[in-house]
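What follows is a single structure, written as structure tokens, with notes after it.
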Amino acid sequence: MARAYDAVKIEQKWQHHWLEHGSYQVENDDPRPSYYCLCMYPYPSGPAHQGHVRNYTLGDLVVRHKTMQGFAVLSPIGWDSFGLPAENAAIKTGTHPRIFTDERIAELKTSLIGLGAVYDWRREICSHDPVFMRWNQVIFLRFLEAGLAYRANAAVNWCPGCQTVLANEQVLADGRCERSGDLVEKRDLEQWFFRITSYADELLAALDGLEWPDRVKVMQRNWIGRSEGAEFDLFVQAPDGGRSEVALRVFTTRPDTSFGMTYAVIAPEHPFVDQLTTENRRAEVDELRSRAALSTEIERSKAADTGEELTRRGAFTGSYVINPFNDQPVPVYIADYVLMGYGTGAIMAVPAEDERDFAFAGTYGLPVVRTVQPPDDFEGGAYTGEGPKINSGFLDGLDVATSKARAIEFLEEEGIGTRKVNYRLRDWLVSRQRFWGCPIPVVYCPDDGIVGVPEDQLPVVAPDDVEFLPSGQSPLALHDGFTHTTCPKCGGPARRETDTMDTFVDSSWYFLRFCNPWYSDGPVDPEGASRWMPVDQYIGGVEHAILHLLYARFYQRAMIDIGLLPSIEREPFRHYFAQGMIRMDGSKMSKSKGNLIAPAAYYERVGADALRLFHLFVGPPADDLDWTDQTDEIIDGCGRFLDRLWRLLTEEPVGTRTGPLNDDDVAFRRILHKTIRDVSQDIDRWSFNTAVAHCHELLNAFLRYARIEGGPHPDVFTEGADRFLLLLAPMTPHVAAELWERRHPGESSVHEQSWPSFDAALVTEDSVTMVVQVNGKVRDRIEVDPSIGAAEAEALALGSERVIEALAGASPKRVVVRPPSLVNVVA
RNA sequence: GCCCGGAUGGCGGAAUCGGUAGACGCGGAGGCCUCAAAAGCCUUUGCCGGCAACGGCGUGCGGGUUCGAGUCCCGCUCCGGGCACCA
């Protein structure tokens, strides 16, 4: 597209200017009030795509706007530079992940600079920087000391072909390994965990006070999944029919339904399985147990996709437990629908009031005893609604809530149970069997067990002389020089941990490091954190709404509680804005989908300003955006807007009139000041598309004004031009800076000016359109004084010829008057 | 299945508190300029009827509340997202 000005040239000029002048560098002792604006640091996957453009355009607008409003704005950026794609590339091409990653960072950095986004580049950090790794490892060791990091068995994804553990995202939807195609199994392996569940309650409760999108808060609430109920013992029946010493602990949210328990279920992995299984049942139980280990995950995901009812499989163990509420024995099953990872891994089954239990009971011919009276018209199996208790002894006749409380009282009196809250949230599994991540800094000593690497020996860095083989094994585990080490405690031979940390660990505190990336006495400078935290505005894709944001919230609290942070606010992100995703042909724009639209071609064709303007203008930033055939035409339209602005300010005569302002001058000034008001409001409420629309209206009015008879008044033209450029400075920074410089040679740049204010006297209307309706239909519009009274408005409306005509002789029954905007005559 | 969003012209979208539906842009149509084209400029553009003035219809569907509903309430349909055996 032919432009009115050389966009490439002026954009490069200003990008160099901002870099060379360190324009958005900010010192920690800056006297201005602080504002921390942060876009989620990107995974460096190569040149930017439109998702990046959108994200960093929003952040840049905020940074420039807040700076003009007089804040010291912290605008840092870095790179989430550990991760699987670099390692896969290494296996494919033999290039070391660091080389691959550094190249990708350079490409992405070029894209962002080309967008005109400004940062304090001195603060740039990346996850794979040894300094960052060192502090990452220090935090891990402090977590270990504090009991927040621990090692435990976990059921993990195991690929028999690759002979390794896979991360969830490496398991395809059909339950196969993404690399080898083998069916993934569940295996119990020792893994590292962070004790995020200790903070479950606080992480849940504190959501209420956050200024985040509601849907994100809802997602986090559901993810944490608090449920209240009771935990109690079911004693195993002794051979004589009475209670034995052994008890099965179960969790339920419906203790009120206990009288309806007709069997109990334990998970296939439950430690009591062997002990409860009688000899005649062992073959069947063992078969179910091995089958569950192999295939439940696959079948679950398959059932989830097709919406099919899951087949719940189980086997009777041969044992019975005694229901403490009615002393009746019920059979104990093992079944794949009970999960070891939740509650106690064992349940009382009440088919009448639980759909899963009902389905299972149907399959295995187990009885159903209702304890809640369903309504007469109820058809179906399990009834989970309200109703009076029946068949429930001392609970009969009570409602559900009351009988829950009574049932728990009973359990507590008997000393066999207690009120209990459970969470869906699990502890955070942080081990990854990968090379390209931050090594977990521990060694295993035959004598001293798990020993942390002393802090003066950190960081533990992966060796370079490794081979990337498509074996699926982490190269670290195959590197003798790395794995063979000495115990820091006893000096004897020891084995080094070869697992690395989940990359979500890096992103859980990088924003704290930005506060002072030069700090050398710890991971986070207490003064820097106190100065800048919490992040005032966090911006990023909603795909990180659960994990990243939850982990960061946990990290901030954990670091405060163990003294790695001063007692700053416990929430790291005060406001979070979730930008919508960019879709193409119905699917998300991403490298893996191969549907990336790189911005570089647009920088050359229409310029970064036009592309930025497009992203701001095309719709609300929270909404998804479809990249279609029409998109390029809209981008060209944004270029045309800038061309017309350029011509206006460089080619139109500014006028030669002197003396007082005439009506045209005043009318234009009114529009100008209203635009300043509207754009300011729109930016504050993140309605950038309407802010741009108001700029369009201003330009249309300005062009008309510039061409009026007698020409514009030079003072008004100047006022209009300067204020217009101030409004555009955060949105289209290059062209605003260039035009400003041409108008103000030798003076400070547009971005160093204050955000413009408007003249309140000019934005008050001297007349408004009053709508006159008859029976709710618009029949007339009358220009009136804004301060018009109700009586006058009514008289004007009833006097309207159009109203008289519409009434056709009928007399008004009622007149609704809402001066000055509306009168509705009801006939 | 459960939980959250959303649905407005040919298209992206606007309408901030229940009060002029369609701002602004894209696309289309017509015109000016030009030998011609591109660019630019001007006019027009929700649908139906009418030469026009104007009238009727219109915010996914069906009801309701209200003087008045895109906006609030009830019941659906479709699309998108999250979770998914969590007892």
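Here, A, B, ... name the chains of the structure tokens in the order displayed, residue numbers run from 1 inside each chain, and ligands are numbered from 1 in the same displayed order.
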
| said: According to DSSP computed on the backbone, where in range 35-235 of chain A is there strand (DSSP E or B)? Give the residues as a PyMOL selection string. | reply: chain A and resi 35-39+72-74+78-79+125-126+149-159+164-166+171+176-177+183+185-194+211+226-235

| request: Would you kindly report the residues of chain B within 10 Å of chain A, using only C-alpha atoms (C1' of nucleotides), as JSON, numbers by chain? | output: {"B": [1, 3, 4, 5, 6, 11, 12, 13, 14, 16, 19, 20, 23, 24, 25, 26, 27, 38, 39, 40, 67, 68, 80, 81, 82, 83, 84, 85, 86, 87]}

| said: Which residues are near Arg574 in chain A? Cut-off 12 Å, only C-alpha atoms (C1' of nucleotides), ignore same chain within fewer than 6 positions. Put them as a PyMOL selection string. | reply: chain A and resi 35-38+206-213+532-539+549+553

| task | Assign secondary structure with DSSP using the backbone only, and return the residues of range 420-617 of chain A in alpha helix (DSSP H) as a VMD selection string. | result | chain A and resid 480 to 483 503 to 506 510 to 513 526 to 532 547 to 561 600 to 605 608 to 617

| query | In Å, with one decimal, what is the gap from CA of Asp678 in chain A to CA of Phe758 in chain A? | reply |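 Result for CA of Asp678 in chain A versus CA of Phe758 in chain A: 9.9 Å, one decimal.
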
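Near Thr718 in chain A, within a cut-off of 10 Å and counting only C-alpha atoms (C1' of nucleotides), sit the residues Leu649, Val654, Gly655, Pro712, His713, Pro714, Asp722, Arg723, Phe724 and Arg743 of chain A, with same-chain residues fewer than 4 positions away left out.
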
Dump of all heavy atoms for the selected residues, as an mmCIF file, in the first residue's frame:
```cif
data_model
loop_
_atom_site.group_PDB
_atom_site.id
_atom_site.type_symbol
_atom_site.label_atom_id
_atom_site.label_comp_id
_atom_site.auth_asym_id
_atom_site.auth_seq_id
_atom_site.Cartn_x
_atom_site.Cartn_y
_atom_site.Cartn_z
ATOM 1 N N LEU A 649 -1.423 17.566 8.711
ATOM 2 C CA LEU A 649 -0.465 18.308 9.524
ATOM 3 C C LEU A 649 0.776 18.729 8.748
ATOM 4 O O LEU A 649 1.585 19.500 9.250
ATOM 5 C CB LEU A 649 -0.061 17.492 10.760
ATOM 6 C CG LEU A 649 -1.200 17.164 11.732
ATOM 7 C CD1 LEU A 649 -0.658 16.620 13.037
ATOM 8 C CD2 LEU A 649 -2.089 18.369 12.000
ATOM 9 N N VAL A 654 -2.231 26.278 7.745
ATOM 10 C CA VAL A 654 -2.731 26.420 9.111
ATOM 11 C C VAL A 654 -3.587 27.672 9.267
ATOM 12 O O VAL A 654 -4.140 27.913 10.321
ATOM 13 C CB VAL A 654 -1.585 26.488 10.140
ATOM 14 C CG1 VAL A 654 -0.754 25.220 10.088
ATOM 15 C CG2 VAL A 654 -0.696 27.698 9.893
ATOM 16 N N GLY A 655 -3.671 28.483 8.194
ATOM 17 C CA GLY A 655 -4.525 29.666 8.260
ATOM 18 C C GLY A 655 -3.752 30.919 8.613
ATOM 19 O O GLY A 655 -2.654 30.859 9.156
ATOM 20 N N PRO A 712 -8.720 28.021 8.521
ATOM 21 C CA PRO A 712 -8.796 27.882 9.973
ATOM 22 C C PRO A 712 -8.063 29.015 10.674
ATOM 23 O O PRO A 712 -7.293 29.747 10.056
ATOM 24 C CB PRO A 712 -8.068 26.554 10.225
ATOM 25 C CG PRO A 712 -7.109 26.447 9.090
ATOM 26 C CD PRO A 712 -7.769 27.105 7.904
ATOM 27 N N HIS A 713 -8.350 29.146 11.953
ATOM 28 C CA HIS A 713 -7.619 30.103 12.765
ATOM 29 C C HIS A 713 -6.308 29.437 13.201
ATOM 30 O O HIS A 713 -6.342 28.315 13.718
ATOM 31 C CB HIS A 713 -8.458 30.496 13.987
ATOM 32 C CG HIS A 713 -7.961 31.726 14.674
ATOM 33 N ND1 HIS A 713 -6.786 31.737 15.369
ATOM 34 C CD2 HIS A 713 -8.476 32.987 14.757
ATOM 35 C CE1 HIS A 713 -6.595 32.955 15.867
ATOM 36 N NE2 HIS A 713 -7.598 33.734 15.497
ATOM 37 N N PRO A 714 -5.169 30.105 13.016
ATOM 38 C CA PRO A 714 -3.889 29.446 13.321
ATOM 39 C C PRO A 714 -3.789 28.949 14.765
ATOM 40 O O PRO A 714 -3.235 27.878 15.011
ATOM 41 C CB PRO A 714 -2.848 30.545 13.061
ATOM 42 C CG PRO A 714 -3.532 31.574 12.246
ATOM 43 C CD PRO A 714 -4.994 31.462 12.503
ATOM 44 N N ASP A 722 -1.616 19.843 18.124
ATOM 45 C CA ASP A 722 -0.801 19.397 19.251
ATOM 46 C C ASP A 722 -1.554 18.427 20.146
ATOM 47 O O ASP A 722 -1.038 17.371 20.520
ATOM 48 C CB ASP A 722 -0.331 20.612 20.069
ATOM 49 C CG ASP A 722 0.803 21.355 19.366
ATOM 50 O OD1 ASP A 722 1.301 20.815 18.352
ATOM 51 O OD2 ASP A 722 1.179 22.454 19.809
ATOM 52 N N ARG A 723 -2.792 18.764 20.461
ATOM 53 C CA ARG A 723 -3.536 17.878 21.372
ATOM 54 C C ARG A 723 -3.855 16.551 20.706
ATOM 55 O O ARG A 723 -3.869 15.510 21.360
ATOM 56 C CB ARG A 723 -4.799 18.569 21.834
ATOM 57 C CG ARG A 723 -4.461 19.870 22.524
ATOM 58 C CD ARG A 723 -5.319 20.147 23.693
ATOM 59 N NE ARG A 723 -4.879 21.402 24.279
ATOM 60 C CZ ARG A 723 -5.331 21.881 25.417
ATOM 61 N NH1 ARG A 723 -6.216 21.210 26.104
ATOM 62 N NH2 ARG A 723 -4.890 23.011 25.884
ATOM 63 N N PHE A 724 -4.122 16.593 19.411
ATOM 64 C CA PHE A 724 -4.386 15.352 18.679
ATOM 65 C C PHE A 724 -3.163 14.426 18.788
ATOM 66 O O PHE A 724 -3.289 13.226 19.057
ATOM 67 C CB PHE A 724 -4.689 15.687 17.216
ATOM 68 C CG PHE A 724 -5.473 14.634 16.475
ATOM 69 C CD1 PHE A 724 -5.993 14.903 15.212
ATOM 70 C CD2 PHE A 724 -5.695 13.379 17.029
ATOM 71 C CE1 PHE A 724 -6.718 13.948 14.515
ATOM 72 C CE2 PHE A 724 -6.429 12.409 16.340
ATOM 73 C CZ PHE A 724 -6.931 12.701 15.077
ATOM 74 N N ARG A 743 6.694 19.806 14.357
ATOM 75 C CA ARG A 743 6.007 21.003 14.827
ATOM 76 C C ARG A 743 6.791 21.707 15.927
ATOM 77 O O ARG A 743 6.615 22.892 16.149
ATOM 78 C CB ARG A 743 4.614 20.651 15.350
ATOM 79 C CG ARG A 743 3.694 20.001 14.306
ATOM 80 C CD ARG A 743 2.322 19.702 14.882
ATOM 81 N NE ARG A 743 1.720 20.925 15.395
ATOM 82 C CZ ARG A 743 1.177 21.856 14.621
ATOM 83 N NH1 ARG A 743 1.182 21.709 13.312
ATOM 84 N NH2 ARG A 743 0.671 22.943 15.157
#
```

| said: I'd like the neighbourhood of G31 in chain B as a list in words, where a residue qualifies if any of its atoms comes within 12 Å (using only C-alpha atoms (C1' of nucleotides)), though same-chain residues fewer than 2 positions away should be ignored. | reply: A29, C33, C41, C42, U43 and U44 of chain B

Print the selection's residues with N, CA, C and O atoms (P, O5', C5', C4', C3', O3' and C1' of nucleotides) to a file, as a PDB file, in the first residue's frame.
```pdb
ATOM      1  P     A B  29     -19.243  -1.836  -6.541  1.00  0.00           P
ATOM      2  O5'   A B  29     -20.441  -0.794  -6.549  1.00  0.00           O
ATOM      3  C5'   A B  29     -21.777  -1.234  -6.801  1.00  0.00           C
ATOM      4  C4'   A B  29     -22.736  -0.085  -6.671  1.00  0.00           C
ATOM      5  C3'   A B  29     -22.340   1.181  -7.442  1.00  0.00           C
ATOM      6  O3'   A B  29     -22.674   1.103  -8.822  1.00  0.00           O
ATOM      7  C1'   A B  29     -22.950   1.769  -5.244  1.00  0.00           C
ATOM      8  P     C B  33     -14.277  16.252 -13.674  1.00  0.00           P
ATOM      9  O5'   C B  33     -12.806  15.982 -13.100  1.00  0.00           O
ATOM     10  C5'   C B  33     -12.116  16.988 -12.373  1.00  0.00           C
ATOM     11  C4'   C B  33     -10.830  16.431 -11.817  1.00  0.00           C
ATOM     12  C3'   C B  33      -9.927  15.760 -12.855  1.00  0.00           C
ATOM     13  O3'   C B  33      -9.124  16.711 -13.523  1.00  0.00           O
ATOM     14  C1'   C B  33     -10.133  14.360 -10.943  1.00  0.00           C
ATOM     15  P     C B  41      -9.065  11.152   0.899  1.00  0.00           P
ATOM     16  O5'   C B  41     -10.033  12.176   0.172  1.00  0.00           O
ATOM     17  C5'   C B  41      -9.751  13.568   0.173  1.00  0.00           C
ATOM     18  C4'   C B  41     -10.671  14.278  -0.772  1.00  0.00           C
ATOM     19  C3'   C B  41     -12.147  14.022  -0.544  1.00  0.00           C
ATOM     20  O3'   C B  41     -12.673  14.811   0.508  1.00  0.00           O
ATOM     21  C1'   C B  41     -11.679  13.792  -2.836  1.00  0.00           C
ATOM     22  P     C B  42     -13.818  14.224   1.454  1.00  0.00           P
ATOM     23  O5'   C B  42     -15.120  14.369   0.561  1.00  0.00           O
ATOM     24  C5'   C B  42     -15.570  15.653   0.171  1.00  0.00           C
ATOM     25  C4'   C B  42     -16.709  15.521  -0.811  1.00  0.00           C
ATOM     26  C3'   C B  42     -17.866  14.640  -0.352  1.00  0.00           C
ATOM     27  O3'   C B  42     -18.724  15.326   0.540  1.00  0.00           O
ATOM     28  C1'   C B  42     -17.301  14.092  -2.578  1.00  0.00           C
ATOM     29  P     U B  43     -19.542  14.500   1.639  1.00  0.00           P
ATOM     30  O5'   U B  43     -20.660  13.738   0.793  1.00  0.00           O
ATOM     31  C5'   U B  43     -21.684  14.477   0.150  1.00  0.00           C
ATOM     32  C4'   U B  43     -22.522  13.561  -0.706  1.00  0.00           C
ATOM     33  C3'   U B  43     -23.131  12.368   0.028  1.00  0.00           C
ATOM     34  O3'   U B  43     -24.293  12.730   0.748  1.00  0.00           O
ATOM     35  C1'   U B  43     -22.204  11.641  -2.027  1.00  0.00           C
ATOM     36  P     U B  44     -24.672  11.938   2.069  1.00  0.00           P
ATOM     37  O5'   U B  44     -25.087  10.508   1.489  1.00  0.00           O
ATOM     38  C5'   U B  44     -26.246  10.364   0.662  1.00  0.00           C
ATOM     39  C4'   U B  44     -26.294   8.970   0.095  1.00  0.00           C
ATOM     40  C3'   U B  44     -26.309   7.853   1.133  1.00  0.00           C
ATOM     41  O3'   U B  44     -27.614   7.652   1.656  1.00  0.00           O
ATOM     42  C1'   U B  44     -24.729   7.332  -0.555  1.00  0.00           C
TER      43        U B  44
END
```

| field | Among the residues A:Asp233, A:Val285, A:Glu353, A:Leu61, the one that comes closest to Gly415 in chain A [using only C-alpha atoms] | value |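 Nearest candidate to Gly415 in chain A out of A:Asp233, A:Val285, A:Glu353, A:Leu61: A:Asp233.
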
| remark: A straight line from CA of Asp80 in chain A to CA of Tyr43 in chain A spans 4.6 Å
